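Chemist: This structure is in structure tokens; I'll ask about it shortly.
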Amino acid sequence: MKIGLIGFWLSGRTTLFDALSQGHAREGVATVPLPDPRLEQLAALEHAKKVSYAALEWHDDLPDALPDKPDTMRAAMAAARPMDALVIVLRLFDSPYAPYHAPIDPARDLRRWLDEFVLSDLQAIENRLERLERLFQSHKESAGDRAEAQALGELRVKLNRGESLHALELGHELEARLRGFGFLTRKPLVAVANLAERVLGNEATLPEWQPLQQLCQQWGIPLVALCAPFERDLQQLPEEERAPFLEMMGLSEARLNTLLHTVYEQLGVQRFYTLLGGDVRAWLVRRGATALEAAATIHTDMAKGFIRAEVCHADEVIAAGGWHAAHRAGKVHLVGREHGLRDGDVVQIRFHV
Ligand SMILES: Nc1nc2c(ncn2[C@@H]2O[C@H](COP(=O)(O)OP(=O)(O)OP(=O)(O)O)[C@@H](O)[C@H]2O)c(=O)[nH]1
Ligand SMILES: [Mg+2]
């Protein structure tokens with residue numbers, strides 16, 4: 001899944017991206033594994049030869065955007081559409097190099113992005129409705145076109161009222177038709193307040209914090225505070241030195257992990273695990289996915305030849321001391337294709353080819 005970093009010029013996007021990618025990036029794109037202690041425990045119990053984390057694809061290749069240059073904003077919106085989620089980096093540190101809009105005001109910046117999302121989506125809706133209108137005039141439309149026009153009309157009303165389209169349930173068919181638009185106001189969003197290092201951990205005392213937090217709450221956008229250069233430096237330390245370093249700063253966890261976790265939560269996905277031939281692996285599926293969807297994620301042949309799946313939650317596998325032990329303890333269940341998986345299930349597909 002693609003995660004796009006957006007932010008105004010010099011907000012610290014690339015520094016954050018460097019912290020995420022740790023130098024393993026190509027042309028502003030990096031595959032970043034999701035931290036997963038359960039996977040590591042499973043791997044240890046199964047004596048895995050290979051451990052494969054579920055990963056997200058982070059993008060720092062969206063064009064630079066300046067709030068007072070509409071064409072740069074439009075270009076950024078166009079590049080953001082294909083993303084599955086957007087992380088909006090907001091400057092909350094003072095910098096002599098950031099010449100745009102002098103006082104620091106992350107709430108203003110976030111509002112500016114949200115306004116742009118609304119405008120951009122409205123424009124896309126107008127364009128599509130115009131085209132549909134022409135189709136209706138020539139009486140060549142299908143029932144689906146009619147339903148789409150109606151749905152788009154409703155979306156337009158909501159956007160004009162300044163409401164987000166987040167919570168909107170459209171039904172399977174419409175959802176599929178509208179997916180191609182990549183509506184920005186429907187995307188999972190996470191706001192990042194990029195702080196100066198000296199206020200890290202005390203961000204709530206900043207005068208800019210309250211209005212930002214309020215705006216985020218109003219829009220249902222989770223907010224993560226971090227200092228991008230600090231996180232980048234932290235990642236460069238050997239793993240065993242990170243915890244003491246964080247402690248010294250009065251922090252319990254790397255904020256980068258908080259960000260990864262928050263993005264994961266917003267994506268509407270869940271994890272499942274496979275233990276195949278010494279490769280212990282985490283996969284992502286949509287939240288509430290069935291055993292058959294899990295099979296299809298692994299391999300189309302597994303879905304085609306699906307017979308049954310063996311399922312046991314990773315925590316139970318770990319508690320039992322491994323997959324075979326979980327079997328012996330009667331913890332592994334045999335389920336059919338429609339069985340809904342839980343976040344963290346270990347899944348073994350039985351199939352014929
Ligand atoms: N004090 C401070 N400086 C930061 C922070 N994050 C980034 N910087 C500095 O701000 C400058 C810009 O950072 P970048 O990460 O390149 O910002 P960007 O958003 O990618 O900028 P563009 O790609 O040019 O739009 C660099 O000099 C960073 O070292 C921060 O949290 N605190
Ligand atoms: Mg950059």
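By order of appearance in the structure tokens: chains A, B, ..., then residues from 1 within every chain, and ligands from 1 in the order shown.
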Once you count only C-alpha atoms and all ligand atoms, which residues end up within 7 Å of ligand 2, and could you hand them over as a tab-separated table (two decimals) with N, CA and C atoms, in the first residue's frame?
Modeler:
chain	number	residue	atom	x	y	z
A	10	LEU	N	9.96	22.76	2.95
A	10	LEU	CA	10.76	22.79	4.18
A	10	LEU	C	10.00	22.44	5.46
A	12	GLY	N	9.90	19.42	6.45
A	12	GLY	CA	10.66	18.31	7.02
A	12	GLY	C	10.29	16.94	6.47
A	13	ARG	N	9.62	16.94	5.34
A	13	ARG	CA	9.19	15.68	4.73
A	13	ARG	C	10.35	14.74	4.47
A	14	THR	N	11.38	15.27	3.81
A	14	THR	CA	12.48	14.41	3.38
A	14	THR	C	13.27	13.89	4.58
A	60	ASP	N	8.10	9.91	-1.02
A	60	ASP	CA	8.52	11.30	-0.85
A	60	ASP	C	8.76	11.90	-2.23
Chemist: Which residues, written as a PDB file with N, CA and C atoms, in the first residue's frame, have at least one atom at most 9 Å from Lys331 of chain A, with only C-alpha atoms counted and residues fewer than 5 positions away on the same chain left out?
Modeler:
ATOM      1  N   VAL A 311      -6.703 -22.228  11.292  1.00  0.00           N
ATOM      2  CA  VAL A 311      -6.543 -20.882  11.843  1.00  0.00           C
ATOM      3  C   VAL A 311      -6.338 -20.934  13.352  1.00  0.00           C
ATOM      4  N   CYS A 312      -5.390 -20.175  13.824  1.00  0.00           N
ATOM      5  CA  CYS A 312      -5.186 -20.010  15.271  1.00  0.00           C
ATOM      6  C   CYS A 312      -4.548 -18.646  15.488  1.00  0.00           C
ATOM      7  N   HIS A 313      -4.997 -17.919  16.489  1.00  0.00           N
ATOM      8  CA  HIS A 313      -4.437 -16.589  16.699  1.00  0.00           C
ATOM      9  C   HIS A 313      -2.969 -16.683  17.122  1.00  0.00           C
ATOM     10  N   GLU A 316      -2.104 -17.184  20.707  1.00  0.00           N
ATOM     11  CA  GLU A 316      -2.320 -18.549  21.211  1.00  0.00           C
ATOM     12  C   GLU A 316      -1.221 -19.493  20.747  1.00  0.00           C
ATOM     13  N   VAL A 317      -0.755 -19.266  19.516  1.00  0.00           N
ATOM     14  CA  VAL A 317       0.360 -20.077  19.009  1.00  0.00           C
ATOM     15  C   VAL A 317       1.582 -19.825  19.882  1.00  0.00           C
ATOM     16  N   ALA A 320       1.197 -21.377  23.295  1.00  0.00           N
ATOM     17  CA  ALA A 320       1.320 -22.844  23.252  1.00  0.00           C
ATOM     18  C   ALA A 320       2.753 -23.279  23.006  1.00  0.00           C
ATOM     19  N   ALA A 325       2.569 -27.382  18.670  1.00  0.00           N
ATOM     20  CA  ALA A 325       2.084 -27.448  20.049  1.00  0.00           C
ATOM     21  C   ALA A 325       0.647 -26.932  20.135  1.00  0.00           C
ATOM     22  N   ALA A 326       0.362 -25.873  19.356  1.00  0.00           N
ATOM     23  CA  ALA A 326      -1.006 -25.333  19.337  1.00  0.00           C
ATOM     24  C   ALA A 326      -1.969 -26.374  18.777  1.00  0.00           C
TER      25      ALA A 326
END
Chemist: Neighbouring residues of Glu310 of chain A were defined as those with any atom within 6 Å, considering only C-alpha atoms; residues of the same chain fewer than 4 positions away were excluded. Please report them as a ChimeraX atom specification.
Modeler: /A:333-334,347-348
Chemist: Mind dumping a table of every chain A residue within 7 Å of ligand 1, with the nearest atom pair and its distance in Å to one decimal, using only C-alpha atoms and all ligand atoms, sorted by chain and rising number, as JSON lines?
Modeler:
{"residue": "A:Gly7", "atom": "CA", "partner": "ligand 1", "partner_atom_place_in_ligand_line": "19 (O)", "distance": 6.0}
{"residue": "A:Phe8", "atom": "CA", "partner": "ligand 1", "partner_atom_place_in_ligand_line": "25 (O)", "distance": 5.8}
{"residue": "A:Trp9", "atom": "CA", "partner": "ligand 1", "partner_atom_place_in_ligand_line": "25 (O)", "distance": 3.3}
{"residue": "A:Leu10", "atom": "CA", "partner": "ligand 1", "partner_atom_place_in_ligand_line": "21 (O)", "distance": 3.4}
{"residue": "A:Ser11", "atom": "CA", "partner": "ligand 1", "partner_atom_place_in_ligand_line": "19 (O)", "distance": 3.9}
{"residue": "A:Gly12", "atom": "CA", "partner": "ligand 1", "partner_atom_place_in_ligand_line": "15 (O)", "distance": 3.3}
{"residue": "A:Arg13", "atom": "CA", "partner": "ligand 1", "partner_atom_place_in_ligand_line": "19 (O)", "distance": 3.8}
{"residue": "A:Thr14", "atom": "CA", "partner": "ligand 1", "partner_atom_place_in_ligand_line": "20 (O)", "distance": 3.6}
{"residue": "A:Thr15", "atom": "CA", "partner": "ligand 1", "partner_atom_place_in_ligand_line": "15 (O)", "distance": 3.6}
{"residue": "A:Leu16", "atom": "CA", "partner": "ligand 1", "partner_atom_place_in_ligand_line": "15 (O)", "distance": 6.3}
{"residue": "A:Asp64", "atom": "CA", "partner": "ligand 1", "partner_atom_place_in_ligand_line": "25 (O)", "distance": 5.1}
{"residue": "A:Ala65", "atom": "CA", "partner": "ligand 1", "partner_atom_place_in_ligand_line": "25 (O)", "distance": 7.0}
{"residue": "A:Phe93", "atom": "CA", "partner": "ligand 1", "partner_atom_place_in_ligand_line": "32 (N)", "distance": 5.3}
{"residue": "A:Asp94", "atom": "CA", "partner": "ligand 1", "partner_atom_place_in_ligand_line": "1 (N)", "distance": 6.5}
{"residue": "A:Ser95", "atom": "CA", "partner": "ligand 1", "partner_atom_place_in_ligand_line": "1 (N)", "distance": 6.5}
{"residue": "A:Asn194", "atom": "CA", "partner": "ligand 1", "partner_atom_place_in_ligand_line": "31 (O)", "distance": 4.7}
{"residue": "A:Leu195", "atom": "CA", "partner": "ligand 1", "partner_atom_place_in_ligand_line": "31 (O)", "distance": 4.6}
{"residue": "A:Ala196", "atom": "CA", "partner": "ligand 1", "partner_atom_place_in_ligand_line": "32 (N)", "distance": 4.2}
{"residue": "A:Glu197", "atom": "CA", "partner": "ligand 1", "partner_atom_place_in_ligand_line": "32 (N)", "distance": 6.2}
{"residue": "A:Cys227", "atom": "CA", "partner": "ligand 1", "partner_atom_place_in_ligand_line": "31 (O)", "distance": 4.1}
{"residue": "A:Ala228", "atom": "CA", "partner": "ligand 1", "partner_atom_place_in_ligand_line": "31 (O)", "distance": 4.6}
{"residue": "A:Pro229", "atom": "CA", "partner": "ligand 1", "partner_atom_place_in_ligand_line": "6 (N)", "distance": 5.5}
Chemist: Write the residues you've just listed into a file as a PDB file, in the first residue's frame, and include C-alpha atoms for each of them.
Modeler:
ATOM      1  CA  GLY A   7       3.810  19.029   3.294  1.00  0.00           C
ATOM      2  CA  PHE A   8       4.738  22.549   2.400  1.00  0.00           C
ATOM      3  CA  TRP A   9       8.221  23.434   1.374  1.00  0.00           C
ATOM      4  CA  LEU A  10      10.761  22.793   4.177  1.00  0.00           C
ATOM      5  CA  SER A  11       8.255  21.198   6.512  1.00  0.00           C
ATOM      6  CA  GLY A  12      10.664  18.307   7.023  1.00  0.00           C
ATOM      7  CA  ARG A  13       9.187  15.678   4.728  1.00  0.00           C
ATOM      8  CA  THR A  14      12.483  14.407   3.385  1.00  0.00           C
ATOM      9  CA  THR A  15      14.057  14.263   6.836  1.00  0.00           C
ATOM     10  CA  LEU A  16      11.129  12.138   8.013  1.00  0.00           C
ATOM     11  CA  ASP A  64       6.923  20.490  -3.702  1.00  0.00           C
ATOM     12  CA  ALA A  65       3.945  22.581  -2.720  1.00  0.00           C
ATOM     13  CA  PHE A  93       9.743  24.291  14.406  1.00  0.00           C
ATOM     14  CA  ASP A  94      11.172  27.686  13.729  1.00  0.00           C
ATOM     15  CA  SER A  95      13.543  27.925  10.822  1.00  0.00           C
ATOM     16  CA  ASN A 194       7.284  18.298  13.180  1.00  0.00           C
ATOM     17  CA  LEU A 195       8.747  19.795  16.355  1.00  0.00           C
ATOM     18  CA  ALA A 196      11.984  21.310  17.476  1.00  0.00           C
ATOM     19  CA  GLU A 197      13.973  18.764  19.442  1.00  0.00           C
ATOM     20  CA  CYS A 227      11.088  15.718  15.611  1.00  0.00           C
ATOM     21  CA  ALA A 228      12.184  14.400  12.226  1.00  0.00           C
ATOM     22  CA  PRO A 229      15.961  14.907  12.594  1.00  0.00           C
TER      23      PRO A 229
END
Chemist: Quick one, how far is atom CA of Arg131 of chain A from atom CA of Glu148 of chain A?
Modeler: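 Separation between atom CA of Arg131 of chain A and atom CA of Glu148 of chain A: 11.8 Å.
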Chemist: Provide the atom CA of Pro222 of chain A to atom CA of Val263 of chain A distance in Å, to one decimal place.
Modeler: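 These atoms are spaced 8.9 Å apart.
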Chemist: Residues within 10 Å of Pro211 of chain A, please, as a list in words. Count only C-alpha atoms; anything in the same chain fewer than 4 positions from it doesn't count.
Modeler: Asp105, Pro106, Ala107, Arg108, Pro207, Leu215, Cys216 and Gln217 of chain A
Chemist: Would you list the contacts of Gln214 of chain A as JSON, numbers by chain, taking every protein, DNA or RNA residue within 12 Å and counting only C-alpha atoms, but skipping same-chain residues closer than 4 positions in sequence?
Modeler: {"A": [106, 107, 108, 110, 111, 204, 208, 209, 210, 218, 219, 220, 221, 222, 223]}
Chemist: How many Å lie between atom CA of Val51 of chain A and atom CA of Arg281 of chain A, rounded to one decimal?
Modeler: 5.8 Å
